[in-house]
Amino acid sequence: MVPSVHRRDFFKNGLAGLSASVLLGAAPMQPPGDRRPVVISSANGLRTVEKAMELIKAGADPLDAAIAGVAIVEEDPTDHTVGLGGIPNEEGIVELDAAVMHGPSHGGGAVASIRNILHPAAVARLVMKRTDHCLLVGDGAYRFAKMHGFPDTELLTDVARKIWLYWKETNSKLDDRIPPPPEELDPEVRKFFGESYVREHGTIHCSALDTHGNLGCTTTTSGLYYKMPGRVGDSPILGAGLWLDNELGSAGSTGRGEANLLNLSSHTIVEGLRGGKSPQDACLEACKRVFERNKVKRLQDAKGRPDFNVKFYCVTKDGKFGGASLWAGAEMVVHDGDSARLVPIASLFNEQPPEGA
Ligand code: ASP
């Protein structure tokens with residue numbers, strides 16, 4: 001029988017420094033195998049893949065490694081697309097979505113519109129392990145997290161609050177708010193709405209292949225900036241924001257969640273692998289479907305192409321990886337066991353994303 005390692009050893013083997021709630025529901029460490037591990041993520045996941053790879057090499061379950069990796073971004077107040085510091089909904093309240101999938105058990109769990117909980121991906125793992133369900137939302141998800149010992153966290157940072165307030169002051173025609181004169185604008189807010197400001201959303205996806213050839217993945221986000229309260233995107237929806245098949249590979253997405261929900265793109269990508277496609281071609285096929293099925297005129301440019309972006313990331317059971325986006329210039333992060341690096345991904349169209357995409 002393979003000897004397991006206890007929770008305190010999980011700390012010794014690389015989780016020191018991560019908060020205890022990231023460990024809630026983590027499996028015991030196992031002796032590492034001899035296959036080459038690979039961890040991929042969206043472009044904001046350099047530290048994520050490094051942490052996940054460190055844990056995989058020490059014998060962590062691939063899903064636990066991915067969750068510990070994204071926890072770094074969930075805790076980072078400077079990433080305004082995930083967890084703490086995420087841009088709030090239109091009422092100024094941060095609502096998070098996250099999902100996980102575990103290859104060996106083909107298990108999945110998710111939480112949506114959860115408030116005041118710093119690590120929704122770890123809560124999603126407990127939904128998978130400690131309920132007979134796949135998705136908990138809103139107050140039910142929050143109470144479930146509290147029941148398991150997750151602490152309350154105010155997720156709205158001062159900077160995110162000021163960004164939201166400025167958005168309200170400059171966008172709402174429904175009330176009488178007045179934005180500050182330019183010279184009084186907080187430099188952080190000015191930076192956020194600066195010249196290069198085009199995004200209205202963001203997310204982190206991480207897929208991990210361990211040294212036994214097993215897969216795990218997670219996607220975690222604060223979703224669309226200033227969204228309607230209760231709006232849920234693709235990230236916590238199994239098949240849309242992430243999907244895996246332990247015999248084939250694992251995939252995930254970032255970008256306009258609604259487009260992805262209407263195409264279940266992560267599932268499409270893994271099925272593309274089944275049909276013999278490379279990870280990059282499977283991701284490009286998912287982009288093509290998003291393009292072809294985008295029938296809504298107000299979401300098209302003058303040439304009928306989507307006026308938004310989606311990005312897909314995929315790693316196979318045998319360690320190949322690739323990605324694609326609708327528009328050019330996107331990247332993903334890859335750790336192949338030796339080092340972590342940003343790599344360009346393919347695109348359906350050669351041009352840079354349209355403004356606002
Ligand atoms: N997919 C996320 C959502 O729609 C946002 C993003 O990745 O940009 O909630």
# chains A, B, ... in the order shown; residues from 1 in each chain; ligands from 1

$ closest_atom_pairs --of "chain A" --to "ligand 1" --cutoff "10 Å" --atoms "only C-alpha atoms and all ligand atoms" --output "JSON lines"
{"residue": "A:Ser42", "atom": "CA", "partner": "ligand 1", "partner_atom_place_in_ligand_line": "7 (O)", "distance": 9.3}
{"residue": "A:Thr81", "atom": "CA", "partner": "ligand 1", "partner_atom_place_in_ligand_line": "8 (O)", "distance": 7.4}
{"residue": "A:Val82", "atom": "CA", "partner": "ligand 1", "partner_atom_place_in_ligand_line": "5 (C)", "distance": 9.3}
{"residue": "A:Leu96", "atom": "CA", "partner": "ligand 1", "partner_atom_place_in_ligand_line": "9 (O)", "distance": 8.9}
{"residue": "A:Asp97", "atom": "CA", "partner": "ligand 1", "partner_atom_place_in_ligand_line": "9 (O)", "distance": 7.5}
{"residue": "A:Ala98", "atom": "CA", "partner": "ligand 1", "partner_atom_place_in_ligand_line": "9 (O)", "distance": 9.5}
{"residue": "A:Arg199", "atom": "CA", "partner": "ligand 1", "partner_atom_place_in_ligand_line": "8 (O)", "distance": 7.8}
{"residue": "A:Glu200", "atom": "CA", "partner": "ligand 1", "partner_atom_place_in_ligand_line": "8 (O)", "distance": 7.1}
{"residue": "A:His201", "atom": "CA", "partner": "ligand 1", "partner_atom_place_in_ligand_line": "8 (O)", "distance": 3.9}
{"residue": "A:Gly202", "atom": "CA", "partner": "ligand 1", "partner_atom_place_in_ligand_line": "8 (O)", "distance": 3.2}
{"residue": "A:Thr203", "atom": "CA", "partner": "ligand 1", "partner_atom_place_in_ligand_line": "7 (O)", "distance": 4.1}
{"residue": "A:Ile204", "atom": "CA", "partner": "ligand 1", "partner_atom_place_in_ligand_line": "7 (O)", "distance": 7.1}
{"residue": "A:His205", "atom": "CA", "partner": "ligand 1", "partner_atom_place_in_ligand_line": "7 (O)", "distance": 8.6}
{"residue": "A:Thr219", "atom": "CA", "partner": "ligand 1", "partner_atom_place_in_ligand_line": "1 (N)", "distance": 8.9}
{"residue": "A:Thr220", "atom": "CA", "partner": "ligand 1", "partner_atom_place_in_ligand_line": "2 (C)", "distance": 8.6}
{"residue": "A:Thr221", "atom": "CA", "partner": "ligand 1", "partner_atom_place_in_ligand_line": "9 (O)", "distance": 6.4}
{"residue": "A:Ser222", "atom": "CA", "partner": "ligand 1", "partner_atom_place_in_ligand_line": "9 (O)", "distance": 6.8}
{"residue": "A:Gly223", "atom": "CA", "partner": "ligand 1", "partner_atom_place_in_ligand_line": "9 (O)", "distance": 3.4}
{"residue": "A:Leu224", "atom": "CA", "partner": "ligand 1", "partner_atom_place_in_ligand_line": "9 (O)", "distance": 5.0}
{"residue": "A:Tyr225", "atom": "CA", "partner": "ligand 1", "partner_atom_place_in_ligand_line": "5 (C)", "distance": 8.5}
{"residue": "A:Lys227", "atom": "CA", "partner": "ligand 1", "partner_atom_place_in_ligand_line": "9 (O)", "distance": 9.1}
{"residue": "A:Arg231", "atom": "CA", "partner": "ligand 1", "partner_atom_place_in_ligand_line": "9 (O)", "distance": 8.3}
{"residue": "A:Val232", "atom": "CA", "partner": "ligand 1", "partner_atom_place_in_ligand_line": "9 (O)", "distance": 6.3}
{"residue": "A:Gly233", "atom": "CA", "partner": "ligand 1", "partner_atom_place_in_ligand_line": "9 (O)", "distance": 3.9}
{"residue": "A:Asp234", "atom": "CA", "partner": "ligand 1", "partner_atom_place_in_ligand_line": "4 (O)", "distance": 5.4}
{"residue": "A:Ser235", "atom": "CA", "partner": "ligand 1", "partner_atom_place_in_ligand_line": "1 (N)", "distance": 5.5}
{"residue": "A:Pro236", "atom": "CA", "partner": "ligand 1", "partner_atom_place_in_ligand_line": "9 (O)", "distance": 8.5}
{"residue": "A:Ala240", "atom": "CA", "partner": "ligand 1", "partner_atom_place_in_ligand_line": "1 (N)", "distance": 9.2}
{"residue": "A:Gly241", "atom": "CA", "partner": "ligand 1", "partner_atom_place_in_ligand_line": "1 (N)", "distance": 6.9}
{"residue": "A:Gly252", "atom": "CA", "partner": "ligand 1", "partner_atom_place_in_ligand_line": "1 (N)", "distance": 9.7}
{"residue": "A:Ser253", "atom": "CA", "partner": "ligand 1", "partner_atom_place_in_ligand_line": "1 (N)", "distance": 6.7}
{"residue": "A:Thr254", "atom": "CA", "partner": "ligand 1", "partner_atom_place_in_ligand_line": "7 (O)", "distance": 3.4}
{"residue": "A:Gly255", "atom": "CA", "partner": "ligand 1", "partner_atom_place_in_ligand_line": "8 (O)", "distance": 3.6}
{"residue": "A:Arg256", "atom": "CA", "partner": "ligand 1", "partner_atom_place_in_ligand_line": "4 (O)", "distance": 4.7}
{"residue": "A:Gly257", "atom": "CA", "partner": "ligand 1", "partner_atom_place_in_ligand_line": "4 (O)", "distance": 3.1}
{"residue": "A:Glu258", "atom": "CA", "partner": "ligand 1", "partner_atom_place_in_ligand_line": "4 (O)", "distance": 6.2}
{"residue": "A:Ala259", "atom": "CA", "partner": "ligand 1", "partner_atom_place_in_ligand_line": "4 (O)", "distance": 8.4}
{"residue": "A:Asn260", "atom": "CA", "partner": "ligand 1", "partner_atom_place_in_ligand_line": "1 (N)", "distance": 7.8}
{"residue": "A:Leu261", "atom": "CA", "partner": "ligand 1", "partner_atom_place_in_ligand_line": "4 (O)", "distance": 8.7}
{"residue": "A:Asn309", "atom": "CA", "partner": "ligand 1", "partner_atom_place_in_ligand_line": "8 (O)", "distance": 8.5}
{"residue": "A:Val310", "atom": "CA", "partner": "ligand 1", "partner_atom_place_in_ligand_line": "7 (O)", "distance": 7.6}
{"residue": "A:Lys311", "atom": "CA", "partner": "ligand 1", "partner_atom_place_in_ligand_line": "7 (O)", "distance": 8.2}
{"residue": "A:Ala357", "atom": "CA", "partner": "ligand 1", "partner_atom_place_in_ligand_line": "8 (O)", "distance": 9.3}

$ write_last_selection --atoms "C-alpha atoms" --output "PDB file, in the first residue's frame"
ATOM      1  CA  SER A  42      -3.943  32.066 -17.641  1.00  0.00           C
ATOM      2  CA  THR A  81     -10.129  40.101 -11.294  1.00  0.00           C
ATOM      3  CA  VAL A  82      -9.992  37.492  -8.538  1.00  0.00           C
ATOM      4  CA  LEU A  96     -16.877  35.458  -6.301  1.00  0.00           C
ATOM      5  CA  ASP A  97     -17.331  32.390  -8.523  1.00  0.00           C
ATOM      6  CA  ALA A  98     -15.079  29.322  -8.541  1.00  0.00           C
ATOM      7  CA  ARG A 199     -10.699  45.052 -19.888  1.00  0.00           C
ATOM      8  CA  GLU A 200     -13.907  44.736 -17.993  1.00  0.00           C
ATOM      9  CA  HIS A 201     -13.236  41.368 -16.472  1.00  0.00           C
ATOM     10  CA  GLY A 202     -10.609  38.723 -15.717  1.00  0.00           C
ATOM     11  CA  THR A 203     -10.106  35.426 -13.971  1.00  0.00           C
ATOM     12  CA  ILE A 204      -7.495  32.794 -13.213  1.00  0.00           C
ATOM     13  CA  HIS A 205      -7.633  29.260 -14.556  1.00  0.00           C
ATOM     14  CA  THR A 219     -11.084  28.467 -12.252  1.00  0.00           C
ATOM     15  CA  THR A 220     -11.692  31.319  -9.807  1.00  0.00           C
ATOM     16  CA  THR A 221     -12.873  34.875 -10.437  1.00  0.00           C
ATOM     17  CA  SER A 222     -14.631  37.990  -9.224  1.00  0.00           C
ATOM     18  CA  GLY A 223     -16.307  38.038 -12.647  1.00  0.00           C
ATOM     19  CA  LEU A 224     -17.476  40.915 -14.736  1.00  0.00           C
ATOM     20  CA  TYR A 225     -16.676  44.334 -13.273  1.00  0.00           C
ATOM     21  CA  LYS A 227     -21.968  43.203 -12.702  1.00  0.00           C
ATOM     22  CA  ARG A 231     -24.716  37.571 -12.255  1.00  0.00           C
ATOM     23  CA  VAL A 232     -22.735  34.378 -12.733  1.00  0.00           C
ATOM     24  CA  GLY A 233     -20.337  33.832 -15.615  1.00  0.00           C
ATOM     25  CA  ASP A 234     -18.727  30.720 -17.026  1.00  0.00           C
ATOM     26  CA  SER A 235     -16.048  30.219 -14.375  1.00  0.00           C
ATOM     27  CA  PRO A 236     -18.071  28.128 -11.883  1.00  0.00           C
ATOM     28  CA  ALA A 240     -17.829  26.037 -19.537  1.00  0.00           C
ATOM     29  CA  GLY A 241     -15.137  27.633 -17.334  1.00  0.00           C
ATOM     30  CA  GLY A 252     -10.234  26.171 -18.897  1.00  0.00           C
ATOM     31  CA  SER A 253     -11.205  29.612 -20.038  1.00  0.00           C
ATOM     32  CA  THR A 254     -11.148  33.308 -19.306  1.00  0.00           C
ATOM     33  CA  GLY A 255     -12.929  36.133 -21.079  1.00  0.00           C
ATOM     34  CA  ARG A 256     -16.575  36.903 -21.817  1.00  0.00           C
ATOM     35  CA  GLY A 257     -18.344  34.288 -19.739  1.00  0.00           C
ATOM     36  CA  GLU A 258     -21.684  34.569 -21.500  1.00  0.00           C
ATOM     37  CA  ALA A 259     -20.126  33.545 -24.842  1.00  0.00           C
ATOM     38  CA  ASN A 260     -18.500  30.592 -23.183  1.00  0.00           C
ATOM     39  CA  LEU A 261     -21.681  29.536 -21.378  1.00  0.00           C
ATOM     40  CA  ASN A 309     -12.555  38.139 -26.315  1.00  0.00           C
ATOM     41  CA  VAL A 310     -12.338  34.631 -24.896  1.00  0.00           C
ATOM     42  CA  LYS A 311      -9.160  32.693 -24.131  1.00  0.00           C
ATOM     43  CA  ALA A 357     -12.731  43.336 -25.275  1.00  0.00           C
TER      44      ALA A 357
END

$ select_by_dssp --residues "stretch 91-295 of chain A" --states "alpha helix (DSSP H)" --output "ChimeraX atom specification"
/A:120-130,138-147,158-171,187-192,257-261,265-274,279-292

$ select_by_dssp --residues "stretch 224-321 of chain A" --states "strand (DSSP E)" --output "list in words"
Leu242, Trp243, Leu244, Asp245, Gly249, Ser250, Ala251, Gly252, Ser253, Thr254, Gly255, Val310, Lys311, Phe312, Tyr313, Cys314, Val315, Thr316 and Phe321 of chain A

$ write_last_selection --atoms "all heavy atoms" --output "tab-separated table (two decimals), in the first residue's frame"
chain	number	residue	atom	x	y	z
A	242	LEU	N	-14.29	25.38	-17.09
A	242	LEU	CA	-13.26	24.35	-16.92
A	242	LEU	C	-13.88	22.97	-17.18
A	242	LEU	O	-15.10	22.81	-17.05
A	242	LEU	CB	-12.65	24.39	-15.51
A	242	LEU	CG	-13.49	23.83	-14.35
A	242	LEU	CD1	-12.68	23.86	-13.07
A	242	LEU	CD2	-14.80	24.53	-14.16
A	243	TRP	N	-13.05	22.06	-17.56
A	243	TRP	CA	-13.50	20.68	-17.75
A	243	TRP	C	-12.27	19.79	-17.83
A	243	TRP	O	-11.21	20.23	-18.29
A	243	TRP	CB	-14.31	20.54	-19.04
A	243	TRP	CG	-14.87	19.15	-19.24
A	243	TRP	CD1	-14.41	18.19	-20.12
A	243	TRP	CD2	-15.98	18.56	-18.56
A	243	TRP	NE1	-15.18	17.05	-20.01
A	243	TRP	CE2	-16.15	17.26	-19.06
A	243	TRP	CE3	-16.85	19.02	-17.56
A	243	TRP	CZ2	-17.15	16.39	-18.60
A	243	TRP	CZ3	-17.84	18.15	-17.12
A	243	TRP	CH2	-18.00	16.86	-17.62
A	244	LEU	N	-12.39	18.57	-17.36
A	244	LEU	CA	-11.30	17.62	-17.58
A	244	LEU	C	-11.85	16.22	-17.74
A	244	LEU	O	-12.97	15.91	-17.31
A	244	LEU	CB	-10.26	17.68	-16.46
A	244	LEU	CG	-10.64	17.36	-15.01
A	244	LEU	CD1	-10.97	15.90	-14.77
A	244	LEU	CD2	-9.50	17.75	-14.10
A	245	ASP	N	-11.04	15.42	-18.38
A	245	ASP	CA	-11.26	13.98	-18.46
A	245	ASP	C	-9.90	13.38	-18.16
A	245	ASP	O	-8.93	13.64	-18.88
A	245	ASP	CB	-11.75	13.61	-19.86
A	245	ASP	CG	-12.02	12.11	-19.99
A	245	ASP	OD1	-11.24	11.31	-19.43
A	245	ASP	OD2	-13.01	11.74	-20.65
A	249	GLY	N	-7.31	15.05	-20.91
A	249	GLY	CA	-6.69	16.33	-20.64
A	249	GLY	C	-7.62	17.24	-19.86
A	249	GLY	O	-8.72	16.84	-19.47
A	250	SER	N	-7.14	18.46	-19.68
A	250	SER	CA	-7.87	19.43	-18.85
A	250	SER	C	-7.85	20.78	-19.56
A	250	SER	O	-6.85	21.14	-20.18
A	250	SER	CB	-7.17	19.54	-17.50
A	250	SER	OG	-7.77	20.52	-16.69
A	251	ALA	N	-8.96	21.52	-19.46
A	251	ALA	CA	-9.05	22.81	-20.16
A	251	ALA	C	-9.79	23.82	-19.31
A	251	ALA	O	-10.59	23.47	-18.43
A	251	ALA	CB	-9.77	22.64	-21.50
A	252	GLY	N	-9.53	25.10	-19.61
A	252	GLY	CA	-10.23	26.17	-18.90
A	252	GLY	C	-10.26	27.42	-19.74
A	252	GLY	O	-9.63	27.50	-20.80
A	253	SER	N	-11.00	28.41	-19.23
A	253	SER	CA	-11.21	29.61	-20.04
A	253	SER	C	-11.18	30.87	-19.19
A	253	SER	O	-11.41	30.84	-17.98
A	253	SER	CB	-12.57	29.53	-20.71
A	253	SER	OG	-13.57	29.66	-19.74
A	254	THR	N	-10.91	31.98	-19.86
A	254	THR	CA	-11.15	33.31	-19.31
A	254	THR	C	-11.76	34.15	-20.43
A	254	THR	O	-11.72	33.77	-21.59
A	254	THR	CB	-9.85	33.97	-18.80
A	254	THR	OG1	-8.94	34.12	-19.90
A	254	THR	CG2	-9.18	33.17	-17.71
A	255	GLY	N	-12.31	35.28	-20.07
A	255	GLY	CA	-12.93	36.13	-21.08
A	255	GLY	C	-14.43	36.22	-20.89
A	255	GLY	O	-14.95	35.87	-19.82
A	310	VAL	N	-12.39	35.80	-25.78
A	310	VAL	CA	-12.34	34.63	-24.90
A	310	VAL	C	-10.98	33.98	-25.11
A	310	VAL	O	-10.41	34.07	-26.19
A	310	VAL	CB	-13.46	33.60	-25.18
A	310	VAL	CG1	-14.81	34.12	-24.74
A	310	VAL	CG2	-13.51	33.22	-26.65
A	311	LYS	N	-10.47	33.35	-24.05
A	311	LYS	CA	-9.16	32.69	-24.13
A	311	LYS	C	-9.29	31.29	-23.55
A	311	LYS	O	-9.97	31.12	-22.51
A	311	LYS	CB	-8.13	33.48	-23.32
A	311	LYS	CG	-7.93	34.89	-23.83
A	311	LYS	CD	-7.00	35.68	-22.93
A	311	LYS	CE	-7.06	37.15	-23.32
A	311	LYS	NZ	-6.39	38.02	-22.35
A	312	PHE	N	-8.65	30.35	-24.20
A	312	PHE	CA	-8.73	28.96	-23.74
A	312	PHE	C	-7.34	28.39	-23.52
A	312	PHE	O	-6.40	28.74	-24.24
A	312	PHE	CB	-9.49	28.12	-24.78
A	312	PHE	CG	-10.88	28.62	-25.04
A	312	PHE	CD1	-11.27	29.00	-26.31
A	312	PHE	CD2	-11.79	28.72	-24.00
A	312	PHE	CE1	-12.56	29.48	-26.55
A	312	PHE	CE2	-13.08	29.20	-24.23
A	312	PHE	CZ	-13.46	29.58	-25.51
A	313	TYR	N	-7.25	27.49	-22.55
A	313	TYR	CA	-5.97	26.90	-22.15
A	313	TYR	C	-6.20	25.40	-21.99
A	313	TYR	O	-7.22	24.98	-21.42
A	313	TYR	CB	-5.49	27.48	-20.81
A	313	TYR	CG	-5.74	28.97	-20.70
A	313	TYR	CD1	-6.93	29.47	-20.14
A	313	TYR	CD2	-4.82	29.89	-21.20
A	313	TYR	CE1	-7.19	30.84	-20.07
A	313	TYR	CE2	-5.07	31.27	-21.12
A	313	TYR	CZ	-6.24	31.73	-20.56
A	313	TYR	OH	-6.49	33.08	-20.50
A	314	CYS	N	-5.22	24.60	-22.42
A	314	CYS	CA	-5.42	23.15	-22.36
A	314	CYS	C	-4.10	22.43	-22.12
A	314	CYS	O	-3.06	22.81	-22.68
A	314	CYS	CB	-6.05	22.69	-23.68
A	314	CYS	SG	-6.28	20.92	-23.83
A	315	VAL	N	-4.14	21.38	-21.30
A	315	VAL	CA	-2.99	20.49	-21.14
A	315	VAL	C	-3.50	19.06	-21.30
A	315	VAL	O	-4.61	18.74	-20.86
A	315	VAL	CB	-2.27	20.69	-19.78
A	315	VAL	CG1	-3.18	20.38	-18.59
A	315	VAL	CG2	-1.00	19.87	-19.69
A	316	THR	N	-2.71	18.22	-21.96
A	316	THR	CA	-3.16	16.85	-22.19
A	316	THR	C	-2.59	15.90	-21.14
A	316	THR	O	-1.63	16.23	-20.43
A	316	THR	CB	-2.72	16.34	-23.58
A	316	THR	OG1	-1.29	16.26	-23.60
A	316	THR	CG2	-3.21	17.26	-24.68
A	321	PHE	N	0.64	20.96	-24.28
A	321	PHE	CA	-0.21	22.08	-23.87
A	321	PHE	C	-0.39	23.04	-25.03
A	321	PHE	O	0.38	23.02	-26.00
A	321	PHE	CB	0.40	22.82	-22.67
A	321	PHE	CG	1.79	23.32	-22.92
A	321	PHE	CD1	2.00	24.53	-23.55
A	321	PHE	CD2	2.90	22.56	-22.55
A	321	PHE	CE1	3.27	24.98	-23.81
A	321	PHE	CE2	4.18	23.01	-22.82
A	321	PHE	CZ	4.37	24.22	-23.44

$ closest_residue --among "A:Met228, A:Val70, A:Ile87, A:Val290" --to "A:Tyr166" --atoms "only C-alpha atoms"
A:Ile87

$ residues_around --residues "A:Lys51" --least-positions-apart "5" --cutoff "10 Å" --atoms "only C-alpha atoms" --output "ChimeraX atom specification"
/A:14-15,39,45-46,56,65-72

$ closest_residue --among "A:Leu165, A:Asp176, A:Gly239, A:Asp76" --to "A:Gly109" --atoms "only C-alpha atoms"
A:Gly239
